[in-house]
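These notes concern the structure reproduced below.
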Amino acid sequence: MGLSLTVLGCATPYPSTDNPCSGYLLEHNDTRLWMDAGTGTLGPLQRHTRLEDLDAIWISHLHADHSADLLTAYYALLFADIERDRIPLFGPPGIADRLAGFLTNGPQRSPVEDAFEITELHDGHETTIGQLRLISRAVHHGIPAFGVRAEADGVSLTYSGDTAPCPNLVELARDTDVLLCEAESAEKTQDMAHHTPEDAGDTATSANAGRLIVTHVGRFLSPQQAVARASSRYRGPVDYAAPGSTFSTP
């Protein structure tokens, strides 16, 4: 089979009543990857897979709306009813100490490494999980941040994370079957750290992506506006990453 992407949530910068923050479940055969663990995504994740069956977690950057549910996952893994080995966790430099800083409540550092087998990302990082190949590239977000390309069975899906338009993302997404691209900004500003919908369309066009899914749409845009604006700059199919929806590659 190809790749299956389930949207756990895509709200920014805080969850709404029916939309958690950024989080996605990427599946290939029996391999399950949690991409970004934003606020509120651990709940809907468990509609589709148990933490016991999760193969790895990949985090684009350490803003709370993309990583906060790692804290609750830590408690679940060490202090509840879940029995399993450590979950491989791929994230930006400093992720272990950031988690420990939030979780430590006394003189002893919380044992985050007992719950997660942590690997720090770098530009060009590659790893294989099951038959799923992951390639990470550094992107432009004002803090260490990464996009990722997942490949299996001759198909690919590329996720932007949070980023301004940048060459690394275009290179990462070159000829990808699906580009999952953020479109947070309603308009361009001098200190851009995100895509506008038009930027998402331009990135998809420049990368020759087969399909564009806009996600992480800001609160000053409707999903319909984001799709329409992205479609003005990209001639392929454009969808919105509605929470709870599932997309499959060919």
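Following the order of the structure tokens, chains are lettered A, B, ..., residues in each are numbered from 1, and ligands are numbered from 1.
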
Helix (DSSP H, G or I) per DSSP on the backbone: members of chain A, as an MDAnalysis selection string
chainID A and resid 42:45 51:53 64:67 69:79 95:103 112:115 167:172 197:207 223:231

Closest-contact table, range 122-206 of chain A side, partner range 211-226 of chain A, 9 Å, counting only C-alpha atoms, as JSON lines:
{"residue": "A:Asp162", "atom": "CA", "partner": "A:His216", "partner_atom": "CA", "distance": 8.4}
{"residue": "A:Thr176", "atom": "CA", "partner": "A:Arg211", "partner_atom": "CA", "distance": 8.2}
{"residue": "A:Asp177", "atom": "CA", "partner": "A:Arg211", "partner_atom": "CA", "distance": 6.1}
{"residue": "A:Val178", "atom": "CA", "partner": "A:Arg211", "partner_atom": "CA", "distance": 4.8}
{"residue": "A:Leu179", "atom": "CA", "partner": "A:Leu212", "partner_atom": "CA", "distance": 4.9}
{"residue": "A:Leu180", "atom": "CA", "partner": "A:Ile213", "partner_atom": "CA", "distance": 4.8}
{"residue": "A:Cys181", "atom": "CA", "partner": "A:Val214", "partner_atom": "CA", "distance": 5.1}
{"residue": "A:Glu182", "atom": "CA", "partner": "A:Thr215", "partner_atom": "CA", "distance": 4.7}
{"residue": "A:Ala183", "atom": "CA", "partner": "A:Val217", "partner_atom": "CA", "distance": 5.0}
{"residue": "A:Glu184", "atom": "CA", "partner": "A:Gly218", "partner_atom": "CA", "distance": 4.2}
{"residue": "A:Ser185", "atom": "CA", "partner": "A:Gly218", "partner_atom": "CA", "distance": 6.0}
{"residue": "A:Ala186", "atom": "CA", "partner": "A:Leu221", "partner_atom": "CA", "distance": 6.3}
{"residue": "A:Thr196", "atom": "CA", "partner": "A:Ala226", "partner_atom": "CA", "distance": 8.3}
{"residue": "A:Pro197", "atom": "CA", "partner": "A:Ala226", "partner_atom": "CA", "distance": 5.3}
{"residue": "A:Glu198", "atom": "CA", "partner": "A:Ala226", "partner_atom": "CA", "distance": 8.3}
{"residue": "A:Ala200", "atom": "CA", "partner": "A:Val214", "partner_atom": "CA", "distance": 7.3}
{"residue": "A:Gly201", "atom": "CA", "partner": "A:Leu212", "partner_atom": "CA", "distance": 7.6}
{"residue": "A:Ala204", "atom": "CA", "partner": "A:Leu212", "partner_atom": "CA", "distance": 6.5}

Export, as a PDB file, in the first residue's frame, the selected residues with N, CA and C atoms.
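Saved result, selection.pdb, follows:
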ATOM      1  N   ASP A 162       6.425  24.271  10.233  1.00  0.00           N
ATOM      2  CA  ASP A 162       6.185  25.716  10.156  1.00  0.00           C
ATOM      3  C   ASP A 162       7.407  26.383   9.547  1.00  0.00           C
ATOM      4  N   THR A 176       7.289  15.456  -5.165  1.00  0.00           N
ATOM      5  CA  THR A 176       6.561  14.669  -4.168  1.00  0.00           C
ATOM      6  C   THR A 176       5.131  14.435  -4.626  1.00  0.00           C
ATOM      7  N   ASP A 177       4.560  13.314  -4.211  1.00  0.00           N
ATOM      8  CA  ASP A 177       3.176  13.032  -4.566  1.00  0.00           C
ATOM      9  C   ASP A 177       2.211  13.941  -3.825  1.00  0.00           C
ATOM     10  N   VAL A 178       2.506  14.203  -2.546  1.00  0.00           N
ATOM     11  CA  VAL A 178       1.641  15.043  -1.714  1.00  0.00           C
ATOM     12  C   VAL A 178       2.512  16.024  -0.944  1.00  0.00           C
ATOM     13  N   LEU A 179       2.156  17.294  -0.978  1.00  0.00           N
ATOM     14  CA  LEU A 179       2.796  18.316  -0.148  1.00  0.00           C
ATOM     15  C   LEU A 179       1.788  18.805   0.874  1.00  0.00           C
ATOM     16  N   LEU A 180       2.068  18.542   2.133  1.00  0.00           N
ATOM     17  CA  LEU A 180       1.273  19.050   3.257  1.00  0.00           C
ATOM     18  C   LEU A 180       1.967  20.319   3.725  1.00  0.00           C
ATOM     19  N   CYS A 181       1.387  21.471   3.384  1.00  0.00           N
ATOM     20  CA  CYS A 181       2.090  22.740   3.581  1.00  0.00           C
ATOM     21  C   CYS A 181       1.264  23.694   4.424  1.00  0.00           C
ATOM     22  N   GLU A 182       1.903  24.270   5.413  1.00  0.00           N
ATOM     23  CA  GLU A 182       1.226  25.253   6.265  1.00  0.00           C
ATOM     24  C   GLU A 182       0.887  26.508   5.476  1.00  0.00           C
ATOM     25  N   ALA A 183      -0.192  27.179   5.906  1.00  0.00           N
ATOM     26  CA  ALA A 183      -0.633  28.426   5.270  1.00  0.00           C
ATOM     27  C   ALA A 183      -1.181  29.339   6.351  1.00  0.00           C
ATOM     28  N   GLU A 184      -0.346  29.625   7.332  1.00  0.00           N
ATOM     29  CA  GLU A 184      -0.805  30.333   8.534  1.00  0.00           C
ATOM     30  C   GLU A 184      -1.078  31.809   8.300  1.00  0.00           C
ATOM     31  N   SER A 185      -0.275  32.452   7.461  1.00  0.00           N
ATOM     32  CA  SER A 185      -0.312  33.907   7.365  1.00  0.00           C
ATOM     33  C   SER A 185      -1.377  34.392   6.386  1.00  0.00           C
ATOM     34  N   ALA A 186      -2.155  35.369   6.824  1.00  0.00           N
ATOM     35  CA  ALA A 186      -3.157  35.959   5.932  1.00  0.00           C
ATOM     36  C   ALA A 186      -2.511  36.902   4.929  1.00  0.00           C
ATOM     37  N   THR A 196       1.953  32.207   3.370  1.00  0.00           N
ATOM     38  CA  THR A 196       0.580  32.569   3.039  1.00  0.00           C
ATOM     39  C   THR A 196       0.019  31.443   2.167  1.00  0.00           C
ATOM     40  N   PRO A 197      -1.286  31.402   1.932  1.00  0.00           N
ATOM     41  CA  PRO A 197      -1.801  30.404   0.994  1.00  0.00           C
ATOM     42  C   PRO A 197      -1.170  30.523  -0.403  1.00  0.00           C
ATOM     43  N   GLU A 198      -0.951  31.755  -0.857  1.00  0.00           N
ATOM     44  CA  GLU A 198      -0.290  31.931  -2.150  1.00  0.00           C
ATOM     45  C   GLU A 198       1.123  31.342  -2.129  1.00  0.00           C
ATOM     46  N   ALA A 200       2.097  28.850  -0.320  1.00  0.00           N
ATOM     47  CA  ALA A 200       1.948  27.397  -0.375  1.00  0.00           C
ATOM     48  C   ALA A 200       1.748  26.928  -1.814  1.00  0.00           C
ATOM     49  N   GLY A 201       0.928  27.671  -2.570  1.00  0.00           N
ATOM     50  CA  GLY A 201       0.752  27.346  -3.979  1.00  0.00           C
ATOM     51  C   GLY A 201       2.038  27.477  -4.761  1.00  0.00           C
ATOM     52  N   ALA A 204       4.355  24.544  -3.925  1.00  0.00           N
ATOM     53  CA  ALA A 204       3.905  23.331  -4.603  1.00  0.00           C
ATOM     54  C   ALA A 204       4.244  23.373  -6.093  1.00  0.00           C
TER      55      ALA A 204
END

Out of range 17-239 of chain A, which residues get strand (DSSP E or B) from DSSP, as a short mmCIF file (atom, residue, chain, number, x, y, z; two decimals) with N, CA and C atoms, in the first residue's frame?
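Generated file (result-v8.cif):
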data_model
loop_
_atom_site.label_atom_id
_atom_site.label_comp_id
_atom_site.auth_asym_id
_atom_site.auth_seq_id
_atom_site.Cartn_x
_atom_site.Cartn_y
_atom_site.Cartn_z
N ASN A 19 -10.94 21.22 17.00
CA ASN A 19 -9.71 21.14 16.23
C ASN A 19 -8.51 21.30 17.15
N CYS A 21 -4.36 21.31 18.03
CA CYS A 21 -3.25 21.93 17.30
C CYS A 21 -2.60 20.90 16.37
N GLY A 23 -0.95 18.05 14.47
CA GLY A 23 -0.56 16.67 14.68
C GLY A 23 -1.14 15.79 13.58
N TYR A 24 -0.35 14.80 13.17
CA TYR A 24 -0.74 13.94 12.05
C TYR A 24 -0.26 12.52 12.33
N LEU A 25 -1.04 11.57 11.90
CA LEU A 25 -0.63 10.16 11.94
C LEU A 25 -0.33 9.71 10.53
N LEU A 26 0.91 9.32 10.28
CA LEU A 26 1.32 8.83 8.98
C LEU A 26 1.50 7.32 9.08
N GLU A 27 0.84 6.58 8.20
CA GLU A 27 0.88 5.13 8.25
C GLU A 27 1.32 4.54 6.92
N HIS A 28 2.10 3.47 7.03
CA HIS A 28 2.47 2.67 5.87
C HIS A 28 2.48 1.21 6.32
N THR A 31 3.44 0.31 9.93
CA THR A 31 4.27 1.36 10.52
C THR A 31 3.43 2.59 10.80
N ARG A 32 3.57 3.13 12.02
CA ARG A 32 2.77 4.28 12.44
C ARG A 32 3.70 5.36 13.01
N LEU A 33 3.62 6.55 12.42
CA LEU A 33 4.45 7.68 12.81
C LEU A 33 3.57 8.84 13.23
N TRP A 34 3.79 9.36 14.44
CA TRP A 34 3.10 10.56 14.92
C TRP A 34 3.96 11.75 14.53
N MET A 35 3.47 12.57 13.60
CA MET A 35 4.21 13.76 13.15
C MET A 35 3.63 14.98 13.82
N ASP A 36 4.42 15.61 14.65
CA ASP A 36 4.04 16.74 15.49
C ASP A 36 2.98 16.32 16.52
N ALA A 37 3.21 16.79 17.73
CA ALA A 37 2.39 16.40 18.87
C ALA A 37 1.83 17.64 19.53
N ALA A 56 7.19 5.53 16.08
CA ALA A 56 8.09 6.67 16.29
C ALA A 56 7.28 7.95 16.33
N ILE A 57 7.93 9.01 16.82
CA ILE A 57 7.37 10.36 16.83
C ILE A 57 8.40 11.27 16.16
N TRP A 58 7.92 12.16 15.30
CA TRP A 58 8.78 13.14 14.63
C TRP A 58 8.22 14.53 14.92
N ILE A 87 9.79 4.97 23.01
CA ILE A 87 9.39 5.36 21.66
C ILE A 87 10.51 6.18 21.03
N PRO A 88 10.99 5.80 19.84
CA PRO A 88 11.94 6.66 19.14
C PRO A 88 11.33 8.04 18.89
N LEU A 89 12.06 9.06 19.28
CA LEU A 89 11.59 10.45 19.15
C LEU A 89 12.64 11.24 18.39
N PHE A 90 12.24 11.80 17.25
CA PHE A 90 13.13 12.62 16.43
C PHE A 90 12.66 14.06 16.53
N GLY A 91 13.57 14.96 16.92
CA GLY A 91 13.18 16.35 17.10
C GLY A 91 14.36 17.29 17.05
N PHE A 116 11.46 8.13 26.03
CA PHE A 116 11.74 8.40 24.61
C PHE A 116 13.19 8.06 24.28
N GLU A 117 13.39 7.41 23.16
CA GLU A 117 14.72 7.20 22.60
C GLU A 117 14.97 8.36 21.64
N ILE A 118 15.72 9.37 22.11
CA ILE A 118 15.74 10.67 21.44
C ILE A 118 16.90 10.78 20.45
N THR A 119 16.57 11.23 19.25
CA THR A 119 17.56 11.54 18.23
C THR A 119 17.34 12.98 17.79
N GLU A 120 18.38 13.81 17.86
CA GLU A 120 18.27 15.19 17.42
C GLU A 120 18.41 15.28 15.90
N GLU A 126 18.59 11.52 7.84
CA GLU A 126 17.82 10.45 7.23
C GLU A 126 17.70 9.28 8.20
N THR A 127 16.56 8.64 8.19
CA THR A 127 16.35 7.44 9.00
C THR A 127 15.29 6.58 8.35
N THR A 128 15.23 5.32 8.76
CA THR A 128 14.23 4.39 8.25
C THR A 128 13.45 3.82 9.42
N ILE A 129 12.13 3.86 9.32
CA ILE A 129 11.23 3.29 10.32
C ILE A 129 10.35 2.30 9.59
N LEU A 132 9.53 2.81 5.95
CA LEU A 132 9.30 4.24 5.74
C LEU A 132 10.63 4.98 5.87
N ARG A 133 11.03 5.64 4.80
CA ARG A 133 12.27 6.43 4.80
C ARG A 133 11.93 7.88 5.06
N LEU A 134 12.59 8.49 6.06
CA LEU A 134 12.35 9.89 6.43
C LEU A 134 13.60 10.71 6.15
N ILE A 135 13.40 11.83 5.46
CA ILE A 135 14.49 12.78 5.18
C ILE A 135 14.05 14.12 5.75
N SER A 136 14.87 14.71 6.62
CA SER A 136 14.53 16.00 7.26
C SER A 136 15.45 17.10 6.74
N ARG A 137 14.89 18.26 6.51
CA ARG A 137 15.66 19.42 6.09
C ARG A 137 15.33 20.61 6.99
N ALA A 138 16.34 21.42 7.27
CA ALA A 138 16.13 22.63 8.05
C ALA A 138 15.32 23.63 7.24
N HIS A 140 12.95 27.67 7.56
CA HIS A 140 13.09 29.01 8.13
C HIS A 140 11.89 29.36 9.01
N PHE A 146 12.22 22.05 11.12
CA PHE A 146 12.50 21.09 10.06
C PHE A 146 11.23 20.72 9.31
N GLY A 147 11.39 20.45 8.02
CA GLY A 147 10.39 19.77 7.22
C GLY A 147 10.83 18.33 7.03
N VAL A 148 9.91 17.48 6.59
CA VAL A 148 10.25 16.06 6.44
C VAL A 148 9.61 15.51 5.17
N ARG A 149 10.32 14.61 4.54
CA ARG A 149 9.80 13.87 3.39
C ARG A 149 9.77 12.40 3.77
N ALA A 150 8.61 11.77 3.62
CA ALA A 150 8.43 10.35 3.89
C ALA A 150 8.25 9.62 2.58
N GLU A 151 8.99 8.53 2.40
CA GLU A 151 8.94 7.76 1.16
C GLU A 151 8.76 6.28 1.46
N ALA A 152 7.92 5.63 0.67
CA ALA A 152 7.74 4.17 0.76
C ALA A 152 6.99 3.71 -0.48
N VAL A 155 6.22 6.06 -3.45
CA VAL A 155 5.43 7.29 -3.31
C VAL A 155 6.00 8.11 -2.16
N SER A 156 5.63 9.39 -2.12
CA SER A 156 6.20 10.27 -1.11
C SER A 156 5.18 11.29 -0.63
N LEU A 157 5.36 11.71 0.60
CA LEU A 157 4.60 12.80 1.20
C LEU A 157 5.58 13.71 1.91
N THR A 158 5.46 15.01 1.67
CA THR A 158 6.36 15.99 2.28
C THR A 158 5.55 16.93 3.16
N TYR A 159 6.05 17.14 4.38
CA TYR A 159 5.39 18.01 5.35
C TYR A 159 6.30 19.18 5.64
N ALA A 164 8.71 29.90 6.74
CA ALA A 164 8.56 30.81 5.61
C ALA A 164 8.97 30.07 4.35
N VAL A 178 2.51 14.20 -2.55
CA VAL A 178 1.64 15.04 -1.71
C VAL A 178 2.51 16.02 -0.94
N LEU A 179 2.16 17.29 -0.98
CA LEU A 179 2.80 18.32 -0.15
C LEU A 179 1.79 18.80 0.87
N LEU A 180 2.07 18.54 2.13
CA LEU A 180 1.27 19.05 3.26
C LEU A 180 1.97 20.32 3.73
N CYS A 181 1.39 21.47 3.38
CA CYS A 181 2.09 22.74 3.58
C CYS A 181 1.26 23.69 4.42
N GLU A 182 1.90 24.27 5.41
CA GLU A 182 1.23 25.25 6.26
C GLU A 182 0.89 26.51 5.48
N LEU A 212 -1.52 19.29 -3.34
CA LEU A 212 -1.25 20.20 -2.23
C LEU A 212 -2.37 20.08 -1.20
N ILE A 213 -1.98 19.92 0.05
CA ILE A 213 -2.92 19.97 1.17
C ILE A 213 -2.49 21.12 2.06
N VAL A 214 -3.33 22.16 2.18
CA VAL A 214 -2.98 23.29 3.05
C VAL A 214 -3.42 22.97 4.46
N THR A 215 -2.57 23.34 5.42
CA THR A 215 -2.83 23.04 6.82
C THR A 215 -2.37 24.21 7.68
N VAL A 238 -5.99 20.90 -4.79
CA VAL A 238 -5.71 21.52 -3.49
C VAL A 238 -6.82 21.11 -2.52
N ASP A 239 -6.42 20.64 -1.35
CA ASP A 239 -7.36 20.26 -0.30
C ASP A 239 -6.98 20.97 0.99
#

Looking at only C-alpha atoms, which of A:Leu78, A:Leu8, A:Ala193, A:Leu172 is the one that sits closest to Pro243 in chain A?
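Of A:Leu78, A:Leu8, A:Ala193, A:Leu172, the one nearest Pro243 in chain A, counting only C-alpha atoms, is A:Leu8.
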
So how many Å separate CA of Asp191 in chain A and CA of His141 in chain A, to one decimal?
9.8 Å

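Within 12 Å of Glu83 in chain A, once only C-alpha atoms are used and residues closer than 5 positions along the same chain are dropped, the contacting residues are A:Arg50, A:Leu51, A:Glu52, A:Asp53, A:Ala76, A:Leu77, A:Leu78, A:Ala115.
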
Find the residue from A:Tyr234, A:Pro144, A:Glu187, A:Cys166 that sits nearest to Asp202 in chain A; use only C-alpha atoms when measuring.
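Closest to Asp202 in chain A of all the choices is A:Tyr234.
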
List the neighbours of Ile143 in chain A out to 10 Å using only C-alpha atoms; skip same-chain residues closer than 4 positions along the sequence, and give me the result as a list in words.
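Contacts, with the query itself left out: His61, Leu62, His63, Pro92, Val139, Thr163 and Ala193 of chain A.
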
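Nearest to Tyr74 in chain A of all the residues A:Gly101, A:Pro93, A:Pro111, A:Gly161 is A:Pro111, based on only C-alpha atoms.
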
Using only C-alpha atoms: which of A:Ala11, A:Ala96, A:Val227, A:Leu45 has the shortest distance to Val112 in chain A
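Looking at the shortest contact to Val112 in chain A, the residue is A:Ala96.
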
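Closest approach to His122 in chain A among A:Ser248, A:Gly94, A:Gly38, A:Pro237: A:Gly94, based on only C-alpha atoms.
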
Residue among A:Ala207, A:Val7, A:Met192, A:Ala145 lying closest to Pro165 in chain A, counting only C-alpha atoms
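When distances to Pro165 in chain A are compared using only C-alpha atoms, the smallest one comes from A:Met192.
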
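You will find CA of Leu42 in chain A at 11.7 Å from CA of Leu54 in chain A.
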
Do you have the CA of Arg233 in chain A-CA of Thr205 in chain A distance handy?
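Value for the CA of Arg233 in chain A-CA of Thr205 in chain A distance: 7.4 Å.
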